[in-house]
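Visitor: Handing over target_32.cif, mmCIF, C-alpha atoms.
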data_upload
loop_
_atom_site.label_atom_id
_atom_site.label_comp_id
_atom_site.auth_asym_id
_atom_site.auth_seq_id
_atom_site.Cartn_x
_atom_site.Cartn_y
_atom_site.Cartn_z
CA MET A 1 0.00 0.00 0.00
CA THR A 2 1.24 3.52 -0.79
CA GLU A 3 0.43 7.07 0.23
CA LYS A 4 0.41 9.81 -2.41
CA VAL A 5 2.53 12.92 -1.77
CA GLN A 6 1.47 16.05 -3.69
CA LEU A 7 3.39 19.21 -2.75
CA SER A 8 4.67 22.36 -4.42
CA ALA A 9 6.73 25.40 -3.50
CA THR A 10 8.24 28.41 -5.25
CA VAL A 11 11.99 29.00 -5.01
CA SER A 12 12.50 32.21 -3.05
CA ASP A 13 15.23 34.76 -3.79
CA ASP A 14 17.30 33.66 -0.79
CA LEU A 15 17.65 30.22 -2.40
CA MET A 16 18.91 31.68 -5.68
CA GLY A 17 22.12 29.98 -6.82
CA LYS A 18 21.68 26.97 -4.56
CA ARG A 19 21.77 23.38 -5.76
CA LEU A 20 18.37 21.78 -6.27
CA ASP A 21 18.96 19.15 -3.56
CA GLN A 22 20.00 21.85 -1.07
CA ALA A 23 16.95 24.00 -1.85
CA VAL A 24 14.39 21.20 -1.54
CA ALA A 25 15.88 20.19 1.82
CA GLU A 26 14.99 23.69 3.09
CA LEU A 27 11.61 23.87 1.36
CA PHE A 28 10.41 20.40 2.38
CA PRO A 29 12.13 19.76 5.75
CA GLU A 30 9.58 17.13 6.76
CA TYR A 31 11.32 14.66 4.41
CA SER A 32 14.87 13.36 4.65
CA ARG A 33 17.56 14.50 2.22
CA SER A 34 18.01 10.97 0.91
CA ARG A 35 14.28 10.62 0.16
CA LEU A 36 14.18 14.00 -1.61
CA GLN A 37 17.25 13.13 -3.67
CA GLY A 38 15.60 9.86 -4.64
CA TRP A 39 12.51 11.70 -5.85
CA ILE A 40 14.67 14.09 -7.88
CA LYS A 41 16.53 11.23 -9.54
CA ASP A 42 13.28 9.34 -10.22
CA GLY A 43 11.66 12.39 -11.81
CA GLN A 44 9.04 12.64 -9.07
CA LEU A 45 10.30 16.08 -8.02
CA THR A 46 10.35 18.51 -10.93
CA VAL A 47 11.43 22.09 -11.61
CA ASP A 48 8.90 24.02 -13.71
CA GLY A 49 7.68 20.64 -14.93
CA GLU A 50 11.14 19.46 -15.99
CA VAL A 51 13.35 16.75 -14.49
CA LYS A 52 16.62 18.16 -13.18
CA ARG A 53 19.73 16.74 -11.53
CA PRO A 54 20.31 17.17 -7.77
CA ARG A 55 23.37 19.34 -8.44
CA ASP A 56 21.67 21.73 -10.89
CA LYS A 57 21.61 25.35 -9.69
CA LEU A 58 18.40 27.34 -9.26
CA LEU A 59 17.79 30.88 -10.50
CA GLY A 60 14.90 31.78 -8.19
CA GLY A 61 11.19 31.85 -8.93
CA GLU A 62 10.97 28.26 -10.20
CA LEU A 63 8.03 26.08 -9.20
CA LEU A 64 9.11 22.87 -7.49
CA ALA A 65 6.51 20.12 -7.53
CA ILE A 66 6.48 16.71 -5.87
CA ALA A 67 4.21 13.97 -7.20
CA ALA A 68 5.45 10.87 -5.42
CA GLU A 69 4.37 7.84 -3.46
CA LEU A 70 5.46 6.66 -0.02
CA ASP A 71 5.36 3.00 0.83
CA VAL A 72 3.11 2.32 3.79
CA ILE A 73 4.06 -0.68 5.90
CA ASP A 74 1.36 -3.26 5.26
CA GLN A 75 3.43 -6.39 4.76
CA TYR A 76 3.93 -6.75 8.52
CA LYS A 77 1.27 -7.98 10.90
CA ALA A 78 0.02 -5.87 13.80
CA VAL A 79 0.45 -7.93 16.97
CA GLU A 80 -0.78 -7.07 20.45
CA MET A 81 2.04 -7.13 22.99
CA PRO A 82 2.94 -5.27 26.19
CA LEU A 83 4.95 -2.11 25.57
CA ASP A 84 6.72 -0.31 28.40
CA ILE A 85 6.09 3.27 27.26
CA VAL A 86 8.04 5.73 29.38
CA TYR A 87 6.74 8.84 27.58
CA GLU A 88 4.37 9.62 24.72
CA ASP A 89 2.93 12.66 22.96
CA ASP A 90 1.60 13.38 19.47
CA ASP A 91 5.06 13.11 17.89
CA ILE A 92 7.22 10.60 19.75
CA MET A 93 7.21 7.58 22.03
CA ILE A 94 10.00 6.62 24.42
CA ILE A 95 10.05 2.87 25.01
CA ASN A 96 11.93 0.79 27.58
CA LYS A 97 12.76 -2.34 25.57
CA PRO A 98 13.06 -5.68 27.39
CA ALA A 99 15.66 -8.34 26.65
CA GLY A 100 14.70 -10.84 23.96
CA LEU A 101 12.62 -8.44 21.88
CA VAL A 102 13.76 -7.96 18.27
CA VAL A 103 13.18 -4.42 17.01
CA HIS A 104 12.53 -5.05 13.29
CA PRO A 105 11.25 -8.16 11.46
CA ALA A 106 13.95 -10.42 10.02
CA ALA A 107 14.55 -14.11 9.39
CA GLY A 108 13.09 -16.09 12.28
CA HIS A 109 11.24 -13.08 13.70
CA TRP A 110 8.40 -11.90 11.47
CA GLU A 111 5.52 -11.36 13.92
CA ASP A 112 7.08 -10.99 17.39
CA THR A 113 9.05 -7.78 17.03
CA LEU A 114 8.71 -4.28 18.44
CA LEU A 115 7.60 -3.09 14.99
CA ASN A 116 4.67 -5.54 15.08
CA GLY A 117 3.70 -4.26 18.51
CA LEU A 118 3.90 -0.62 17.40
CA LEU A 119 1.59 -1.32 14.45
CA HIS A 120 -1.03 -2.72 16.84
CA TYR A 121 -0.66 0.00 19.48
CA TYR A 122 -0.71 2.93 17.01
CA PRO A 123 -1.94 1.84 13.54
CA ASP A 124 -1.21 5.26 11.96
CA ILE A 125 2.50 4.60 12.44
CA ALA A 126 2.29 2.35 9.37
CA GLN A 127 2.56 5.55 7.33
CA VAL A 128 6.01 6.29 8.79
CA PRO A 129 9.04 4.45 7.31
CA ARG A 130 10.15 1.53 9.50
CA ALA A 131 7.06 2.17 11.64
CA GLY A 132 8.81 5.13 13.23
CA VAL A 133 11.90 3.27 14.41
CA VAL A 134 14.74 5.81 14.60
CA HIS A 135 17.52 3.66 16.05
CA ARG A 136 17.75 0.04 17.13
CA LEU A 137 18.90 -1.96 20.11
CA ASP A 138 20.18 -5.52 19.76
CA MET A 139 17.65 -8.22 20.66
CA ASP A 140 19.21 -8.90 24.07
CA THR A 141 20.08 -5.30 24.93
CA THR A 142 17.57 -3.57 27.20
CA GLY A 143 16.63 0.06 27.69
CA LEU A 144 15.50 3.27 26.08
CA MET A 145 14.57 3.82 22.44
CA VAL A 146 12.78 6.69 20.70
CA VAL A 147 10.06 6.00 18.13
CA ALA A 148 8.71 8.72 15.82
CA LYS A 149 4.94 8.89 15.24
CA THR A 150 5.19 11.13 12.15
CA ILE A 151 7.49 11.39 9.15
CA GLN A 152 8.46 14.91 10.19
CA ALA A 153 9.47 13.74 13.67
CA GLN A 154 11.45 10.82 12.26
CA THR A 155 13.35 13.05 9.82
CA GLU A 156 14.32 15.44 12.61
CA LEU A 157 15.35 12.68 15.01
CA VAL A 158 17.47 10.92 12.38
CA SER A 159 19.15 14.28 11.78
CA GLN A 160 19.95 14.49 15.51
CA LEU A 161 21.53 11.05 15.36
CA GLN A 162 23.62 12.11 12.40
CA ASP A 163 24.81 15.40 13.91
CA ARG A 164 25.38 13.66 17.28
CA SER A 165 23.09 15.98 19.24
CA MET A 166 21.11 12.99 20.55
CA GLY A 167 22.70 11.70 23.74
CA ARG A 168 22.71 7.96 24.51
CA GLU A 169 24.27 6.49 27.63
CA TYR A 170 24.51 2.83 28.56
CA GLU A 171 25.55 0.72 31.54
CA ALA A 172 27.34 -2.59 31.19
CA VAL A 173 29.16 -5.24 33.18
CA VAL A 174 32.43 -6.37 31.63
CA ALA A 175 34.86 -9.18 32.34
CA GLY A 176 38.14 -7.88 33.76
CA VAL A 177 39.06 -5.12 36.20
CA MET A 178 39.49 -1.73 34.51
CA THR A 179 42.02 0.70 35.95
CA GLY A 180 40.05 3.70 34.69
CA GLY A 181 37.84 5.14 32.00
CA GLY A 182 38.78 6.06 28.46
CA THR A 183 37.71 6.31 24.83
CA VAL A 184 37.74 3.73 22.06
CA ASP A 185 38.06 5.40 18.66
CA GLU A 186 38.26 2.51 16.21
CA PRO A 187 36.45 2.11 12.86
CA LEU A 188 33.95 -0.74 12.51
CA GLY A 189 32.92 -2.90 9.57
CA ARG A 190 31.78 -6.44 8.77
CA HIS A 191 34.01 -9.25 10.00
CA SER A 192 36.06 -10.66 7.11
CA ARG A 193 35.04 -14.29 7.79
CA ASN A 194 31.87 -14.22 9.90
CA ARG A 195 29.30 -11.93 8.26
CA GLN A 196 27.09 -12.02 11.37
CA LYS A 197 29.81 -10.22 13.31
CA MET A 198 31.26 -6.73 13.24
CA ALA A 199 34.94 -6.03 13.80
CA VAL A 200 37.50 -3.26 14.05
CA VAL A 201 38.67 -2.79 10.45
CA GLY A 202 40.95 -0.16 9.00
CA MET A 203 38.55 0.89 6.24
CA GLY A 204 35.42 0.72 8.39
CA LYS A 205 33.07 3.50 9.48
CA GLU A 206 34.06 5.89 12.24
CA ALA A 207 33.02 4.64 15.68
CA VAL A 208 33.68 6.38 19.02
CA THR A 209 32.74 5.03 22.46
CA HIS A 210 33.52 6.78 25.77
CA TYR A 211 33.46 4.77 29.01
CA ARG A 212 34.02 5.35 32.73
CA VAL A 213 34.20 3.07 35.75
CA LEU A 214 31.25 2.94 38.15
CA LYS A 215 32.44 0.08 40.35
CA ARG A 216 35.22 -2.52 40.32
CA PHE A 217 34.81 -6.10 41.51
CA ARG A 218 37.32 -8.93 41.87
CA ALA A 219 37.25 -9.88 38.19
CA HIS A 220 34.59 -7.61 36.67
CA THR A 221 33.77 -3.93 36.25
CA HIS A 222 30.48 -2.02 36.16
CA ILE A 223 30.83 0.79 33.61
CA ARG A 224 28.90 3.67 32.05
CA LEU A 225 29.28 4.32 28.32
CA LYS A 226 28.42 7.19 26.02
CA LEU A 227 28.12 6.84 22.26
CA GLU A 228 29.24 9.45 19.77
CA THR A 229 28.33 7.19 16.85
CA GLY A 230 25.79 4.39 16.57
CA ARG A 231 27.32 1.52 14.62
CA THR A 232 25.96 -2.02 14.74
CA HIS A 233 27.21 -3.84 17.89
CA GLN A 234 29.48 -0.85 18.59
CA ILE A 235 29.79 -1.18 22.38
CA ARG A 236 30.13 -4.95 22.26
CA VAL A 237 32.88 -4.88 19.63
CA HIS A 238 34.78 -1.96 21.18
CA MET A 239 34.81 -3.50 24.66
CA SER A 240 35.91 -6.87 23.28
CA HIS A 241 38.61 -5.11 21.25
CA ILE A 242 40.21 -3.66 24.40
CA ASN A 243 39.91 -7.06 26.15
CA TYR A 244 36.99 -6.19 28.43
CA PRO A 245 34.12 -8.11 26.77
CA LEU A 246 30.59 -7.79 28.10
CA VAL A 247 29.45 -10.48 30.52
CA GLY A 248 27.16 -12.95 28.76
CA ASP A 249 28.03 -11.82 25.22
CA GLN A 250 27.73 -15.02 23.20
CA LEU A 251 29.12 -13.45 20.02
CA TYR A 252 32.02 -11.31 21.22
CA GLY A 253 32.65 -12.55 24.77
CA GLY A 254 35.46 -14.98 24.07
CA ARG A 255 36.57 -17.47 26.70
CA PHE A 256 34.47 -17.65 29.86
CA ARG A 257 36.36 -15.92 32.71
CA LEU A 258 36.02 -16.67 36.42
CA PRO A 259 37.58 -15.05 39.48
CA LYS A 260 39.75 -17.24 41.68
CA GLY A 261 37.87 -18.89 44.52
CA VAL A 262 34.50 -18.09 42.97
CA SER A 263 31.54 -19.11 45.11
CA PRO A 264 29.03 -21.64 43.77
CA GLN A 265 26.35 -18.93 43.90
CA LEU A 266 28.32 -16.49 41.72
CA LEU A 267 29.41 -19.26 39.36
CA ALA A 268 25.77 -20.21 38.82
CA LYS A 269 24.80 -16.55 38.29
CA LEU A 270 27.52 -15.94 35.69
CA LYS A 271 26.77 -19.15 33.80
CA ALA A 272 23.05 -18.39 33.76
CA PHE A 273 23.53 -14.85 32.42
CA ASN A 274 23.18 -15.72 28.74
CA ARG A 275 22.76 -12.28 27.18
CA GLN A 276 25.12 -9.33 26.92
CA ALA A 277 24.98 -7.31 30.14
CA LEU A 278 24.13 -4.06 28.38
CA HIS A 279 21.37 -1.56 29.17
CA ALA A 280 20.47 1.72 27.42
CA LYS A 281 20.17 3.72 30.63
CA ARG A 282 19.68 7.34 29.51
CA LEU A 283 18.34 9.04 26.39
CA GLU A 284 18.53 12.77 25.68
CA LEU A 285 17.16 14.58 22.62
CA PHE A 286 15.61 17.79 21.36
CA HIS A 287 11.88 17.37 20.84
CA PRO A 288 11.37 17.22 17.05
CA VAL A 289 8.55 19.81 17.10
CA SER A 290 9.00 22.03 20.16
CA GLY A 291 12.79 21.93 20.16
CA GLN A 292 12.77 21.41 23.94
CA LEU A 293 15.69 19.45 25.39
CA MET A 294 14.27 16.31 27.02
CA ALA A 295 15.88 13.41 28.87
CA TRP A 296 14.80 10.09 30.35
CA GLU A 297 16.54 7.51 32.52
CA VAL A 298 15.39 4.02 33.51
CA ASP A 299 16.56 1.57 36.15
CA LEU A 300 18.64 -1.48 35.32
CA PRO A 301 16.59 -4.59 34.54
CA ASP A 302 16.26 -7.17 37.31
CA ASP A 303 18.76 -9.63 35.83
CA MET A 304 21.56 -7.04 35.61
CA GLN A 305 20.83 -5.71 39.09
CA SER A 306 20.87 -9.26 40.45
CA LEU A 307 24.21 -9.88 38.74
CA LEU A 308 25.68 -6.74 40.31
CA ASN A 309 24.34 -7.78 43.72
CA SER A 310 26.06 -11.16 43.37
CA LEU A 311 29.34 -9.52 42.36
CA THR A 312 29.10 -7.15 45.34
CA ARG A 313 28.52 -10.04 47.77
CA ASP A 314 31.42 -11.97 46.27
CA ALA A 315 33.76 -9.00 46.69
CA ALA A 316 32.62 -8.47 50.29
CA HIS A 317 33.06 -12.14 51.23
CA HIS A 318 36.53 -12.19 49.67
CA GLU A 319 37.56 -9.18 51.77
CA ILE A 320 36.28 -10.91 54.95
CA ASP A 321 38.18 -14.11 54.11
CA GLN A 322 41.38 -12.14 53.74
#
Show me the file's structure as structure tokens.
Guide:
Amino acid sequence: MTEKVQLSATVSDDLMGKRLDQAVAELFPEYSRSRLQGWIKDGQLTVDGEVKRPRDKLLGGELLAIAAELDVIDQYKAVEMPLDIVYEDDDIMIINKPAGLVVHPAAGHWEDTLLNGLLHYYPDIAQVPRAGVVHRLDMDTTGLMVVAKTIQAQTELVSQLQDRSMGREYEAVVAGVMTGGGTVDEPLGRHSRNRQKMAVVGMGKEAVTHYRVLKRFRAHTHIRLKLETGRTHQIRVHMSHINYPLVGDQLYGGRFRLPKGVSPQLLAKLKAFNRQALHAKRLELFHPVSGQLMAWEVDLPDDMQSLLNSLTRDAAHHEIDQ
């Protein structure tokens, strides 16, 4: 199913001399630059009735017209499911995602994803690309995500991701005792042999992760992380790269590590923690319509808090024994 887009605007004098793709981005800000460029190249955005190239310069006074179609998501099923909505208004939703929930349909998960739940909760979101999903969390990562309820809101929020004005902070438990915080600035790309994995590669995309220590244990560290970029599996790969893999990470965790003299209780807890210990703790953004700076923070999920409690008890008992 598609939605027809019929719009027009006259090129004002202050846009004289600008490239067509630059001018349309200012005249139709509710749509992303990539979508507008696609319409220009497909002949669905015309200048005085003629098809032009994105780089063609404008003289001023031309009539720009869009006669295009937007795909509406109808191939995915709306499925009722519980959604932990932290905040909602006419433009955005802030969701606290649980572990085990896939964000977007893919092989093996066609009807049990967050997207399916969003389509049931708010059917109009089918008119927004990717049902309003702005950024993703891995299936087993918990925490805060923003979902756009309109195309205009999605375009603005994606822009904030790109210009790095959206703040995202995470908490994690890693194997190994860190001496202090730091920054990992290493490019990421697909692993050369395992296409399901990402890796630090010389010709990859820029990826920057800042981290600081919250608490040290005998063989683990509780850390806070802040993303500058949002590459696939970024935190998991970066922490593994500096030899502090996330507890429970089946893909990047490497060899299972245990502290000396580990108690049976802690051993059982570590072995049972079968997802990466990663939680999107805080989200900060400028509201896509009002421009107001907004922020949300959610508690750690029960399994991560229980893990930290076990690590704290183990450290305390070890100090008593000594």
Visitor: Output the residue selection produced by the PyMOL selection byres ((chain A and resi 10-13) around 9) on the file above, formatted as a PyMOL selection string.
Guide: chain A and resi 8-9+14-17+23-24+27+58-65
Visitor: Name the residues captured by the PyMOL selection byres ((chain A and resi 228) around 8) when it is applied to the shown file; answer as a ChimeraX atom specification.
Guide: /A:164,167,207-210,226-227,229-230
Visitor: Take the PyMOL selection byres ((chain A and resi 273) around 10), apply it to the structure above, and return the hits as JSON, numbers by chain.
Guide: {"A": [247, 248, 249, 268, 269, 270, 271, 272, 274, 275, 276, 277, 303, 304, 307]}
Visitor: Could you write out that same residue set with C-alpha atoms as a PDB file, in the frame of the given file?
Guide:
ATOM      1  CA  VAL A 247      29.450 -10.480  30.520  1.00  0.00           C
ATOM      2  CA  GLY A 248      27.160 -12.950  28.760  1.00  0.00           C
ATOM      3  CA  ASP A 249      28.030 -11.820  25.220  1.00  0.00           C
ATOM      4  CA  ALA A 268      25.770 -20.210  38.820  1.00  0.00           C
ATOM      5  CA  LYS A 269      24.800 -16.550  38.290  1.00  0.00           C
ATOM      6  CA  LEU A 270      27.520 -15.940  35.690  1.00  0.00           C
ATOM      7  CA  LYS A 271      26.770 -19.150  33.800  1.00  0.00           C
ATOM      8  CA  ALA A 272      23.050 -18.390  33.760  1.00  0.00           C
ATOM      9  CA  ASN A 274      23.180 -15.720  28.740  1.00  0.00           C
ATOM     10  CA  ARG A 275      22.760 -12.280  27.180  1.00  0.00           C
ATOM     11  CA  GLN A 276      25.120  -9.330  26.920  1.00  0.00           C
ATOM     12  CA  ALA A 277      24.980  -7.310  30.140  1.00  0.00           C
ATOM     13  CA  ASP A 303      18.760  -9.630  35.830  1.00  0.00           C
ATOM     14  CA  MET A 304      21.560  -7.040  35.610  1.00  0.00           C
ATOM     15  CA  LEU A 307      24.210  -9.880  38.740  1.00  0.00           C
TER      16      LEU A 307
END
Visitor: Near Ile66 in chain A, counting only C-alpha atoms, which residues have an atom at most 10 Å away, once you skip same-chain residues fewer than 4 positions from it, shown as a list in words?
Guide: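 The filter keeps Lys4, Val5, Gln6, Leu7, Ser8, Ala9, Phe28, Leu36, Trp39, Ile40, Gly43, Gln44, Leu45, Thr46, Val47 and Gly49 of chain A.
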Visitor: To one decimal place in Å, what is the distance between CA of Gly132 in chain A and CA of Leu188 in chain A?
Guide: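 Computing the Euclidean distance for CA of Gly132 in chain A and CA of Leu188 in chain A yields 25.8 Å.
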